[in-house]
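Participant: Sharing a structure below in structure tokens format, with a few things to ask.
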Amino acid sequence: ASGIVTKTYQPTLAQRIIFPYIANGQITDLRGRSIAPAVEPKYRSLPYRAVERGAIFAFNYDRAVERLQEAPYLLITEGEIKALFADMAGFAVVAFPGMQSYRVIPATKKPKIIIFDSDAHHQQVVDRAIIRTAQYIGMEQVFVVRLPLFGESKMDIDTFLRHPQGGHEYFTYLVTHALPIDRYLRLRSV
């Protein structure tokens with residue numbers, strides 16, 4: 001109930017689902033999502049900047065390393081729940097704690113596919129985050145998937161996988177037909 005207690009004895013991460021970030025067999029960070037819909041912020045990290053507390057690895061790092069032994073590509077998203085849904089669907093996937101919060105991803109020569117939320121009202125912001133992420137991870141072998149909105153204003157991996165028009169088969173199709181980043185950016189600039 002008290003979550004993690006800070007140096008000043010203040011509870012943090014209380015009343016939240018806790019997501020452990022595990023890399024190389026060690027817990028490298030903890031993040032929490034509120035269990036009450038009205039509680040803000042929805043997501044909370046431990047105190048201090050990620051680098052100051054040694055939180056440098058992406059969420060689901062060890063699972064992605066394990067899956068990459070067989071998986072043909074690595075998915076990169078933002079948000080732990082999205083990564084968990086993609087992982088449960090059998091994909092090698094890591095997640096940043098947000099579109100602007102970069103973390104170390106598993107080293108691989110396999111294609112890296114960025115799948116952030118599709119957002120009818122803020123797609124330019126998402127596209128800028130995709131560009132920055134591609135620059136961070138290196139532009140080589142980087143692809144992008146933009147999820148269809150199906151009439152909604154926003155679409156993310158977990159919603160898409162559960163959506164009646166989406167699902168695992170359609171998601172797999174989109175992933176295997178991901179656009180190379182340069183082509184995606186050319187199409188988006190039209």
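Lettering and numbering for the structure tokens are positional, with chains as A, B, ... in the shown order, residues counted from 1 in each chain, and ligands counted from 1 in the shown order.
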Select from chain A everything DSSP, run on the backbone, classes as alpha helix (DSSP H), then give the selection as a compact mmCIF listing (two decimals) with all heavy atoms, in the first residue's frame.

Facilitator:
```txt
# COMPACT_ATOMS: atom_id res chain seq x y z
N TYR A 61 13.66 -5.70 -21.55
CA TYR A 61 14.97 -5.92 -22.16
C TYR A 61 15.34 -7.40 -22.20
O TYR A 61 15.64 -7.94 -23.27
CB TYR A 61 16.02 -5.11 -21.40
CG TYR A 61 17.40 -5.17 -22.00
CD1 TYR A 61 17.81 -4.19 -22.89
CD2 TYR A 61 18.30 -6.17 -21.66
CE1 TYR A 61 19.08 -4.23 -23.45
CE2 TYR A 61 19.57 -6.22 -22.21
CZ TYR A 61 19.95 -5.24 -23.11
OH TYR A 61 21.20 -5.28 -23.66
N ASP A 62 15.34 -8.05 -21.05
CA ASP A 62 15.76 -9.47 -21.01
C ASP A 62 14.84 -10.37 -21.83
O ASP A 62 15.31 -11.28 -22.52
CB ASP A 62 15.85 -9.97 -19.56
CG ASP A 62 17.16 -9.61 -18.88
OD1 ASP A 62 17.99 -8.91 -19.51
OD2 ASP A 62 17.37 -10.02 -17.72
N ARG A 63 13.54 -10.14 -21.78
CA ARG A 63 12.61 -10.95 -22.58
C ARG A 63 12.87 -10.75 -24.06
O ARG A 63 12.82 -11.70 -24.84
CB ARG A 63 11.16 -10.58 -22.26
CG ARG A 63 10.70 -10.98 -20.89
CD ARG A 63 10.16 -12.36 -20.82
NE ARG A 63 9.00 -12.51 -21.69
CZ ARG A 63 8.58 -13.68 -22.15
NH1 ARG A 63 9.21 -14.78 -21.83
NH2 ARG A 63 7.53 -13.76 -22.92
N ALA A 64 13.15 -9.53 -24.46
CA ALA A 64 13.43 -9.24 -25.87
C ALA A 64 14.71 -9.93 -26.32
O ALA A 64 14.77 -10.51 -27.41
CB ALA A 64 13.51 -7.74 -26.11
N VAL A 65 15.74 -9.89 -25.48
CA VAL A 65 17.00 -10.58 -25.80
C VAL A 65 16.73 -12.06 -26.02
O VAL A 65 17.20 -12.66 -27.00
CB VAL A 65 18.05 -10.37 -24.69
CG1 VAL A 65 19.23 -11.32 -24.86
CG2 VAL A 65 18.52 -8.92 -24.67
N GLU A 66 15.95 -12.65 -25.14
CA GLU A 66 15.60 -14.07 -25.25
C GLU A 66 14.82 -14.35 -26.53
O GLU A 66 15.14 -15.28 -27.28
CB GLU A 66 14.77 -14.46 -24.02
CG GLU A 66 14.34 -15.90 -23.96
CD GLU A 66 13.45 -16.15 -22.74
OE1 GLU A 66 13.79 -15.66 -21.65
OE2 GLU A 66 12.41 -16.82 -22.91
N ARG A 67 13.83 -13.55 -26.82
CA ARG A 67 12.99 -13.76 -28.01
C ARG A 67 13.76 -13.49 -29.31
O ARG A 67 13.45 -14.07 -30.35
CB ARG A 67 11.76 -12.88 -27.95
CG ARG A 67 10.71 -13.39 -26.98
CD ARG A 67 9.40 -12.65 -27.22
NE ARG A 67 8.41 -13.01 -26.26
CZ ARG A 67 7.56 -14.04 -26.39
NH1 ARG A 67 7.61 -14.79 -27.46
NH2 ARG A 67 6.68 -14.30 -25.47
N GLU A 80 4.80 0.46 -20.96
CA GLU A 80 4.98 -0.92 -20.53
C GLU A 80 3.82 -1.82 -20.92
O GLU A 80 4.03 -2.97 -21.32
CB GLU A 80 5.18 -0.95 -19.00
CG GLU A 80 6.40 -0.21 -18.52
CD GLU A 80 6.20 1.30 -18.34
OE1 GLU A 80 5.07 1.81 -18.52
OE2 GLU A 80 7.20 1.97 -18.01
N ILE A 81 2.59 -1.34 -20.80
CA ILE A 81 1.44 -2.18 -21.11
C ILE A 81 1.43 -2.56 -22.59
O ILE A 81 1.14 -3.70 -22.95
CB ILE A 81 0.12 -1.49 -20.69
CG1 ILE A 81 0.07 -1.41 -19.15
CG2 ILE A 81 -1.09 -2.22 -21.24
CD1 ILE A 81 -1.11 -0.64 -18.60
N LYS A 82 1.78 -1.62 -23.46
CA LYS A 82 1.86 -1.93 -24.90
C LYS A 82 2.89 -3.01 -25.16
O LYS A 82 2.65 -3.94 -25.95
CB LYS A 82 2.19 -0.66 -25.67
CG LYS A 82 1.11 0.38 -25.55
CD LYS A 82 1.60 1.75 -25.97
CE LYS A 82 0.55 2.76 -25.52
NZ LYS A 82 1.06 4.07 -25.36
N ALA A 83 4.02 -2.90 -24.49
CA ALA A 83 5.06 -3.92 -24.66
C ALA A 83 4.60 -5.28 -24.14
O ALA A 83 4.86 -6.31 -24.77
CB ALA A 83 6.34 -3.50 -23.94
N LEU A 84 3.89 -5.29 -23.03
CA LEU A 84 3.41 -6.56 -22.49
C LEU A 84 2.43 -7.24 -23.44
O LEU A 84 2.48 -8.46 -23.64
CB LEU A 84 2.76 -6.36 -21.12
CG LEU A 84 3.73 -6.05 -19.98
CD1 LEU A 84 2.97 -5.70 -18.71
CD2 LEU A 84 4.68 -7.20 -19.74
N PHE A 85 1.54 -6.46 -24.05
CA PHE A 85 0.60 -7.03 -25.01
C PHE A 85 1.33 -7.62 -26.21
O PHE A 85 1.01 -8.72 -26.67
CB PHE A 85 -0.44 -5.99 -25.46
CG PHE A 85 -1.68 -5.99 -24.62
CD1 PHE A 85 -1.71 -5.37 -23.39
CD2 PHE A 85 -2.83 -6.63 -25.07
CE1 PHE A 85 -2.86 -5.37 -22.61
CE2 PHE A 85 -3.99 -6.64 -24.30
CZ PHE A 85 -3.99 -6.01 -23.07
N ALA A 86 2.30 -6.88 -26.75
CA ALA A 86 3.06 -7.38 -27.90
C ALA A 86 3.89 -8.60 -27.50
O ALA A 86 4.00 -9.57 -28.27
CB ALA A 86 3.95 -6.29 -28.46
N ASP A 87 4.44 -8.61 -26.30
CA ASP A 87 5.21 -9.75 -25.81
C ASP A 87 4.31 -10.98 -25.68
O ASP A 87 4.67 -12.08 -26.12
CB ASP A 87 5.86 -9.42 -24.47
CG ASP A 87 6.71 -10.57 -23.94
OD1 ASP A 87 7.89 -10.65 -24.32
OD2 ASP A 87 6.17 -11.39 -23.16
N MET A 88 3.11 -10.78 -25.11
CA MET A 88 2.18 -11.91 -24.98
C MET A 88 1.74 -12.44 -26.33
O MET A 88 1.38 -13.61 -26.46
CB MET A 88 0.95 -11.49 -24.16
CG MET A 88 1.25 -11.32 -22.69
SD MET A 88 -0.21 -11.02 -21.65
CE MET A 88 -0.96 -9.59 -22.38
N GLN A 123 -0.40 13.63 -34.61
CA GLN A 123 0.50 12.74 -35.34
C GLN A 123 1.84 13.39 -35.65
O GLN A 123 2.86 12.71 -35.69
CB GLN A 123 -0.15 12.22 -36.63
CG GLN A 123 0.61 11.06 -37.27
CD GLN A 123 0.72 9.84 -36.38
OE1 GLN A 123 -0.23 9.43 -35.72
NE2 GLN A 123 1.91 9.24 -36.32
N GLN A 124 1.88 14.70 -35.81
CA GLN A 124 3.16 15.38 -36.06
C GLN A 124 4.09 15.23 -34.86
O GLN A 124 5.29 15.05 -35.02
CB GLN A 124 2.95 16.85 -36.40
CG GLN A 124 2.36 17.06 -37.78
CD GLN A 124 2.17 18.52 -38.11
OE1 GLN A 124 2.06 19.36 -37.21
NE2 GLN A 124 2.14 18.83 -39.39
N VAL A 125 3.54 15.29 -33.67
CA VAL A 125 4.34 15.09 -32.45
C VAL A 125 4.87 13.66 -32.43
O VAL A 125 6.05 13.42 -32.13
CB VAL A 125 3.50 15.38 -31.19
CG1 VAL A 125 4.25 15.00 -29.93
CG2 VAL A 125 3.06 16.84 -31.16
N VAL A 126 4.02 12.71 -32.78
CA VAL A 126 4.43 11.30 -32.82
C VAL A 126 5.51 11.11 -33.88
O VAL A 126 6.52 10.44 -33.64
CB VAL A 126 3.22 10.37 -33.09
CG1 VAL A 126 3.67 8.93 -33.26
CG2 VAL A 126 2.19 10.49 -31.97
N ASP A 127 5.34 11.72 -35.05
CA ASP A 127 6.34 11.59 -36.11
C ASP A 127 7.68 12.16 -35.69
O ASP A 127 8.73 11.58 -35.99
CB ASP A 127 5.85 12.25 -37.40
CG ASP A 127 4.75 11.46 -38.09
OD1 ASP A 127 4.59 10.26 -37.79
OD2 ASP A 127 4.05 12.05 -38.94
N ARG A 128 7.68 13.29 -34.99
CA ARG A 128 8.95 13.85 -34.50
C ARG A 128 9.60 12.89 -33.51
O ARG A 128 10.82 12.72 -33.51
CB ARG A 128 8.73 15.23 -33.87
CG ARG A 128 8.52 16.32 -34.92
CD ARG A 128 8.62 17.71 -34.32
NE ARG A 128 7.60 18.00 -33.34
CZ ARG A 128 6.40 18.52 -33.59
NH1 ARG A 128 6.07 18.80 -34.84
NH2 ARG A 128 5.55 18.75 -32.63
N ALA A 129 8.81 12.25 -32.67
CA ALA A 129 9.35 11.28 -31.72
C ALA A 129 9.92 10.06 -32.46
O ALA A 129 10.95 9.51 -32.06
CB ALA A 129 8.28 10.85 -30.72
N ILE A 130 9.26 9.64 -33.54
CA ILE A 130 9.76 8.53 -34.34
C ILE A 130 11.12 8.89 -34.93
O ILE A 130 12.07 8.09 -34.88
CB ILE A 130 8.75 8.16 -35.45
CG1 ILE A 130 7.54 7.47 -34.83
CG2 ILE A 130 9.40 7.26 -36.51
CD1 ILE A 130 6.37 7.28 -35.78
N ILE A 131 11.26 10.10 -35.46
CA ILE A 131 12.54 10.54 -36.03
C ILE A 131 13.62 10.55 -34.96
O ILE A 131 14.73 10.02 -35.18
CB ILE A 131 12.40 11.93 -36.67
CG1 ILE A 131 11.50 11.85 -37.90
CG2 ILE A 131 13.77 12.50 -37.04
CD1 ILE A 131 11.03 13.20 -38.42
N ARG A 132 13.33 11.12 -33.80
CA ARG A 132 14.33 11.17 -32.72
C ARG A 132 14.70 9.77 -32.25
O ARG A 132 15.87 9.49 -31.98
CB ARG A 132 13.82 12.02 -31.57
CG ARG A 132 13.89 13.52 -31.86
CD ARG A 132 13.62 14.35 -30.61
NE ARG A 132 12.29 14.14 -30.07
CZ ARG A 132 11.21 14.81 -30.43
NH1 ARG A 132 11.29 15.76 -31.34
NH2 ARG A 132 10.05 14.56 -29.88
N THR A 133 13.72 8.89 -32.17
CA THR A 133 14.01 7.51 -31.75
C THR A 133 14.90 6.82 -32.78
O THR A 133 15.88 6.16 -32.42
CB THR A 133 12.71 6.72 -31.55
OG1 THR A 133 11.95 7.36 -30.53
CG2 THR A 133 12.99 5.27 -31.16
N ALA A 134 14.59 7.00 -34.05
CA ALA A 134 15.41 6.39 -35.11
C ALA A 134 16.83 6.93 -35.06
O ALA A 134 17.80 6.16 -35.22
CB ALA A 134 14.78 6.66 -36.47
N GLN A 135 16.99 8.21 -34.80
CA GLN A 135 18.33 8.78 -34.68
C GLN A 135 19.05 8.22 -33.46
O GLN A 135 20.25 7.94 -33.51
CB GLN A 135 18.25 10.31 -34.61
CG GLN A 135 17.82 10.93 -35.91
CD GLN A 135 17.47 12.40 -35.79
OE1 GLN A 135 17.16 12.91 -34.70
NE2 GLN A 135 17.49 13.10 -36.92
N TYR A 136 18.33 8.03 -32.38
CA TYR A 136 18.92 7.50 -31.15
C TYR A 136 19.41 6.06 -31.34
O TYR A 136 20.49 5.71 -30.92
CB TYR A 136 17.90 7.58 -30.01
CG TYR A 136 18.34 6.87 -28.76
CD1 TYR A 136 19.30 7.44 -27.93
CD2 TYR A 136 17.82 5.63 -28.41
CE1 TYR A 136 19.72 6.78 -26.78
CE2 TYR A 136 18.24 4.97 -27.27
CZ TYR A 136 19.20 5.55 -26.47
OH TYR A 136 19.61 4.90 -25.33
N ILE A 137 18.58 5.22 -31.97
CA ILE A 137 18.95 3.81 -32.12
C ILE A 137 19.81 3.57 -33.36
O ILE A 137 20.34 2.48 -33.53
CB ILE A 137 17.71 2.88 -32.15
CG1 ILE A 137 16.83 3.17 -33.36
CG2 ILE A 137 16.94 2.98 -30.84
CD1 ILE A 137 15.65 2.22 -33.50
N ILE A 157 -0.94 -0.22 -29.38
CA ILE A 157 -0.78 -1.66 -29.60
C ILE A 157 -1.81 -2.47 -28.82
O ILE A 157 -2.46 -3.36 -29.38
CB ILE A 157 0.65 -2.13 -29.25
CG1 ILE A 157 1.66 -1.55 -30.24
CG2 ILE A 157 0.73 -3.66 -29.23
CD1 ILE A 157 3.11 -1.84 -29.89
N ASP A 158 -1.96 -2.20 -27.53
CA ASP A 158 -2.87 -3.02 -26.73
C ASP A 158 -4.32 -2.87 -27.19
O ASP A 158 -5.05 -3.85 -27.26
CB ASP A 158 -2.72 -2.74 -25.22
CG ASP A 158 -2.79 -1.28 -24.85
OD1 ASP A 158 -2.17 -0.46 -25.53
OD2 ASP A 158 -3.46 -0.95 -23.85
N THR A 159 -4.72 -1.66 -27.56
CA THR A 159 -6.08 -1.46 -28.08
C THR A 159 -6.24 -2.15 -29.42
O THR A 159 -7.25 -2.81 -29.68
CB THR A 159 -6.38 0.05 -28.21
OG1 THR A 159 -6.15 0.68 -26.95
CG2 THR A 159 -7.80 0.29 -28.66
N PHE A 160 -5.25 -2.03 -30.29
CA PHE A 160 -5.30 -2.63 -31.62
C PHE A 160 -5.43 -4.16 -31.53
O PHE A 160 -6.24 -4.76 -32.23
CB PHE A 160 -4.06 -2.26 -32.44
CG PHE A 160 -4.12 -2.75 -33.86
CD1 PHE A 160 -4.69 -1.96 -34.84
CD2 PHE A 160 -3.63 -3.99 -34.21
CE1 PHE A 160 -4.77 -2.40 -36.15
CE2 PHE A 160 -3.70 -4.45 -35.51
CZ PHE A 160 -4.28 -3.66 -36.48
N LEU A 161 -4.65 -4.77 -30.67
CA LEU A 161 -4.69 -6.24 -30.55
C LEU A 161 -6.03 -6.73 -30.03
O LEU A 161 -6.43 -7.86 -30.33
CB LEU A 161 -3.55 -6.74 -29.66
CG LEU A 161 -2.17 -6.71 -30.31
CD1 LEU A 161 -1.07 -6.95 -29.27
CD2 LEU A 161 -2.07 -7.73 -31.44
N ARG A 162 -6.78 -5.90 -29.29
CA ARG A 162 -8.09 -6.28 -28.76
C ARG A 162 -9.24 -5.76 -29.60
O ARG A 162 -10.38 -6.13 -29.37
CB ARG A 162 -8.24 -5.77 -27.32
CG ARG A 162 -7.28 -6.43 -26.34
CD ARG A 162 -7.38 -5.85 -24.94
NE ARG A 162 -6.85 -4.49 -24.93
CZ ARG A 162 -7.49 -3.42 -24.44
NH1 ARG A 162 -8.66 -3.55 -23.88
NH2 ARG A 162 -6.96 -2.23 -24.49
N HIS A 168 -4.38 -10.05 -33.69
CA HIS A 168 -3.01 -10.56 -33.85
C HIS A 168 -2.61 -10.72 -35.32
O HIS A 168 -1.52 -10.31 -35.72
CB HIS A 168 -2.87 -11.89 -33.11
CG HIS A 168 -1.48 -12.43 -33.13
ND1 HIS A 168 -1.00 -13.20 -34.16
CD2 HIS A 168 -0.47 -12.30 -32.25
CE1 HIS A 168 0.25 -13.52 -33.92
NE2 HIS A 168 0.60 -12.98 -32.76
N GLU A 169 -3.49 -11.31 -36.12
CA GLU A 169 -3.15 -11.56 -37.52
C GLU A 169 -2.91 -10.25 -38.28
O GLU A 169 -1.93 -10.13 -39.02
CB GLU A 169 -4.27 -12.37 -38.19
CG GLU A 169 -3.92 -12.85 -39.58
CD GLU A 169 -5.01 -13.75 -40.15
OE1 GLU A 169 -5.52 -14.63 -39.42
OE2 GLU A 169 -5.33 -13.56 -41.33
N TYR A 170 -3.77 -9.28 -38.08
CA TYR A 170 -3.62 -7.99 -38.75
C TYR A 170 -2.37 -7.27 -38.25
O TYR A 170 -1.62 -6.67 -39.01
CB TYR A 170 -4.88 -7.14 -38.54
CG TYR A 170 -5.01 -5.91 -39.40
CD1 TYR A 170 -4.06 -5.57 -40.37
CD2 TYR A 170 -6.10 -5.07 -39.24
CE1 TYR A 170 -4.21 -4.42 -41.15
CE2 TYR A 170 -6.25 -3.92 -40.02
CZ TYR A 170 -5.30 -3.61 -40.96
OH TYR A 170 -5.45 -2.48 -41.73
N PHE A 171 -2.12 -7.34 -36.94
CA PHE A 171 -0.94 -6.72 -36.36
C PHE A 171 0.32 -7.33 -36.96
O PHE A 171 1.26 -6.62 -37.35
CB PHE A 171 -0.95 -6.87 -34.84
CG PHE A 171 0.19 -6.17 -34.15
CD1 PHE A 171 0.17 -4.80 -34.00
CD2 PHE A 171 1.26 -6.89 -33.65
CE1 PHE A 171 1.21 -4.14 -33.37
CE2 PHE A 171 2.30 -6.24 -33.01
CZ PHE A 171 2.29 -4.87 -32.87
N THR A 172 0.35 -8.66 -37.07
CA THR A 172 1.50 -9.34 -37.67
C THR A 172 1.70 -8.90 -39.11
O THR A 172 2.83 -8.67 -39.55
CB THR A 172 1.32 -10.87 -37.59
OG1 THR A 172 1.16 -11.24 -36.21
CG2 THR A 172 2.49 -11.61 -38.19
N TYR A 173 0.60 -8.75 -39.85
CA TYR A 173 0.68 -8.28 -41.22
C TYR A 173 1.33 -6.89 -41.27
O TYR A 173 2.23 -6.64 -42.08
CB TYR A 173 -0.71 -8.24 -41.86
CG TYR A 173 -0.71 -7.58 -43.23
CD1 TYR A 173 -0.38 -8.32 -44.37
CD2 TYR A 173 -1.00 -6.24 -43.36
CE1 TYR A 173 -0.36 -7.71 -45.62
CE2 TYR A 173 -0.99 -5.62 -44.60
CZ TYR A 173 -0.65 -6.36 -45.73
OH TYR A 173 -0.62 -5.75 -46.96
N LEU A 174 0.88 -5.98 -40.41
CA LEU A 174 1.44 -4.63 -40.40
C LEU A 174 2.93 -4.64 -40.06
O LEU A 174 3.72 -3.92 -40.66
CB LEU A 174 0.68 -3.75 -39.40
CG LEU A 174 -0.77 -3.43 -39.77
CD1 LEU A 174 -1.45 -2.72 -38.61
CD2 LEU A 174 -0.84 -2.60 -41.04
N VAL A 175 3.31 -5.47 -39.10
CA VAL A 175 4.71 -5.55 -38.69
C VAL A 175 5.56 -6.09 -39.84
O VAL A 175 6.64 -5.55 -40.13
CB VAL A 175 4.85 -6.41 -37.42
CG1 VAL A 175 6.31 -6.78 -37.15
CG2 VAL A 175 4.25 -5.68 -36.22
N THR A 176 5.10 -7.14 -40.51
CA THR A 176 5.89 -7.73 -41.59
C THR A 176 5.91 -6.85 -42.83
O THR A 176 6.73 -7.07 -43.73
CB THR A 176 5.40 -9.14 -41.95
OG1 THR A 176 4.02 -9.07 -42.33
CG2 THR A 176 5.58 -10.10 -40.79
N ILE A 181 12.13 3.60 -42.63
CA ILE A 181 11.94 4.93 -42.06
C ILE A 181 12.01 6.03 -43.11
O ILE A 181 11.20 6.95 -43.09
CB ILE A 181 12.92 5.23 -40.90
CG1 ILE A 181 12.65 6.61 -40.30
CG2 ILE A 181 14.36 5.16 -41.35
CD1 ILE A 181 12.09 6.59 -38.96
N ASP A 182 12.92 5.93 -44.07
CA ASP A 182 13.02 6.99 -45.07
C ASP A 182 11.75 7.06 -45.92
O ASP A 182 11.26 8.14 -46.24
CB ASP A 182 14.27 6.83 -45.93
CG ASP A 182 14.37 5.48 -46.62
OD1 ASP A 182 13.73 4.51 -46.17
OD2 ASP A 182 15.11 5.39 -47.63
N ARG A 183 11.18 5.92 -46.28
CA ARG A 183 9.94 5.92 -47.06
C ARG A 183 8.78 6.46 -46.22
O ARG A 183 7.94 7.22 -46.70
CB ARG A 183 9.64 4.51 -47.55
CG ARG A 183 8.40 4.47 -48.42
CD ARG A 183 8.38 3.28 -49.35
NE ARG A 183 7.19 3.34 -50.16
CZ ARG A 183 6.26 2.40 -50.19
NH1 ARG A 183 6.43 1.30 -49.48
NH2 ARG A 183 5.21 2.52 -50.95
N TYR A 184 8.70 6.04 -44.96
CA TYR A 184 7.66 6.54 -44.06
C TYR A 184 7.71 8.06 -43.99
O TYR A 184 6.70 8.74 -44.10
CB TYR A 184 7.81 5.92 -42.66
CG TYR A 184 6.84 6.47 -41.66
CD1 TYR A 184 5.53 6.00 -41.60
CD2 TYR A 184 7.21 7.47 -40.76
CE1 TYR A 184 4.62 6.50 -40.69
CE2 TYR A 184 6.31 7.99 -39.85
CZ TYR A 184 5.01 7.49 -39.81
OH TYR A 184 4.12 8.02 -38.91
N LEU A 185 8.90 8.60 -43.81
CA LEU A 185 9.05 10.05 -43.68
C LEU A 185 8.70 10.78 -44.98
O LEU A 185 8.10 11.84 -44.94
CB LEU A 185 10.47 10.40 -43.22
CG LEU A 185 10.81 9.90 -41.81
CD1 LEU A 185 12.26 10.19 -41.49
CD2 LEU A 185 9.88 10.49 -40.78
N ARG A 186 9.05 10.19 -46.12
CA ARG A 186 8.67 10.79 -47.40
C ARG A 186 7.14 10.82 -47.54
O ARG A 186 6.56 11.81 -47.95
CB ARG A 186 9.29 10.04 -48.58
CG ARG A 186 10.73 10.41 -48.86
CD ARG A 186 11.20 9.94 -50.22
NE ARG A 186 10.95 8.54 -50.50
CZ ARG A 186 11.75 7.53 -50.17
NH1 ARG A 186 12.87 7.78 -49.53
NH2 ARG A 186 11.44 6.29 -50.48
N LEU A 187 6.49 9.71 -47.19
CA LEU A 187 5.03 9.65 -47.28
C LEU A 187 4.36 10.63 -46.30
O LEU A 187 3.34 11.21 -46.61
CB LEU A 187 4.52 8.22 -47.02
CG LEU A 187 4.84 7.20 -48.11
CD1 LEU A 187 4.50 5.80 -47.62
CD2 LEU A 187 4.11 7.53 -49.39
N ARG A 188 4.92 10.78 -45.12
CA ARG A 188 4.34 11.66 -44.11
C ARG A 188 4.50 13.12 -44.48
O ARG A 188 3.73 13.96 -44.05
CB ARG A 188 4.98 11.41 -42.73
CG ARG A 188 4.64 10.08 -42.12
CD ARG A 188 3.18 9.92 -41.80
NE ARG A 188 2.76 10.93 -40.84
CZ ARG A 188 1.57 11.51 -40.84
NH1 ARG A 188 0.66 11.17 -41.71
NH2 ARG A 188 1.27 12.42 -39.95
```

Participant: For Ala58 in chain A, which residue out of A:Leu46, A:Phe19, A:Arg103, A:Glu78 is the nearest one, using only C-alpha atoms?

Facilitator: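 For Ala58 in chain A, the nearest of the given residues is A:Arg103.
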
Participant: Show me, as a list in words, the residues that have an atom within 12 Å of Leu68 in chain A when counting only C-alpha atoms, minus same-chain residues fewer than 6 positions from it.

Facilitator: Asn60, Tyr61, Asp62, Leu74, Leu75, Asp87, Gly90, Phe91, Ala92, Val93, Val94, Ile105, Pro106, Ala107, Thr108, Lys109, Lys110, Pro111 and Lys112 of chain A

Participant: Run DSSP on the backbone and give me the residues of chain A it puts in strand (DSSP E or B), as a PyMOL selection string.

Facilitator: chain A and resi 4-5+11-12+16-23+26-34+43-45+57+59+74-78+93-96+104+112-114+118-119+142-144+154-155+179-180

Participant: Go ahead and compute the interatomic distance for CA of Ala89 in chain A and CA of Gln15 in chain A, in Å to one decimal.

Facilitator: 27.6 Å

Participant: Which is closer to Pro148 in chain A than all the others in A:Pro37, A:His177, A:Tyr9, A:Asp117, using only C-alpha atoms?

Facilitator: A:Asp117

Participant: Need the shell around Ser153 in chain A: protein/DNA/RNA residues with any atom at most 9 Å away, counting only C-alpha atoms. Skip same-chain ones fewer than 6 positions apart. Format as a PyMOL selection string?

Facilitator: chain A and resi 118-121

Participant: Just write the chosen residues, N, CA, C and O atoms, as a JSON list (two decimals), in the first residue's frame.

Facilitator:
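Result written to result-v2.json:
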```
[["chain", "number", "residue", "atom", "x", "y", "z"],
["A", 118, "SER", "N", -0.79, 5.82, -32.85],
["A", 118, "SER", "CA", -1.31, 6.65, -33.93],
["A", 118, "SER", "C", -2.27, 7.63, -33.28],
["A", 118, "SER", "O", -3.06, 7.25, -32.42],
["A", 119, "ASP", "N", -2.19, 8.89, -33.69],
["A", 119, "ASP", "CA", -2.98, 9.92, -33.03],
["A", 119, "ASP", "C", -3.47, 10.92, -34.06],
["A", 119, "ASP", "O", -2.69, 11.66, -34.65],
["A", 120, "ALA", "N", -4.77, 10.95, -34.28],
["A", 120, "ALA", "CA", -5.36, 11.81, -35.31],
["A", 120, "ALA", "C", -5.09, 13.29, -35.06],
["A", 120, "ALA", "O", -4.98, 14.06, -36.00],
["A", 121, "HIS", "N", -4.96, 13.69, -33.80],
["A", 121, "HIS", "CA", -4.80, 15.10, -33.47],
["A", 121, "HIS", "C", -3.36, 15.52, -33.22],
["A", 121, "HIS", "O", -3.06, 16.71, -33.23]]
```

Participant: Counting only C-alpha atoms, which of A:Thr6, A:Asn24, A:Ser189, A:Gln141 gets nearest to Ser45 in chain A?

Facilitator: A:Thr6

Participant: Quick one: of A:Asp156, A:Gly151, A:Thr28, A:Gly79, who's nearest to Tyr43 in chain A, counting only C-alpha atoms?

Facilitator: A:Gly79

Participant: Just checking: using only C-alpha atoms, which residue out of A:Phe116, A:Glu140, A:Gln165, A:Phe57 ends up closest to Glu152 in chain A?

Facilitator: A:Gln165
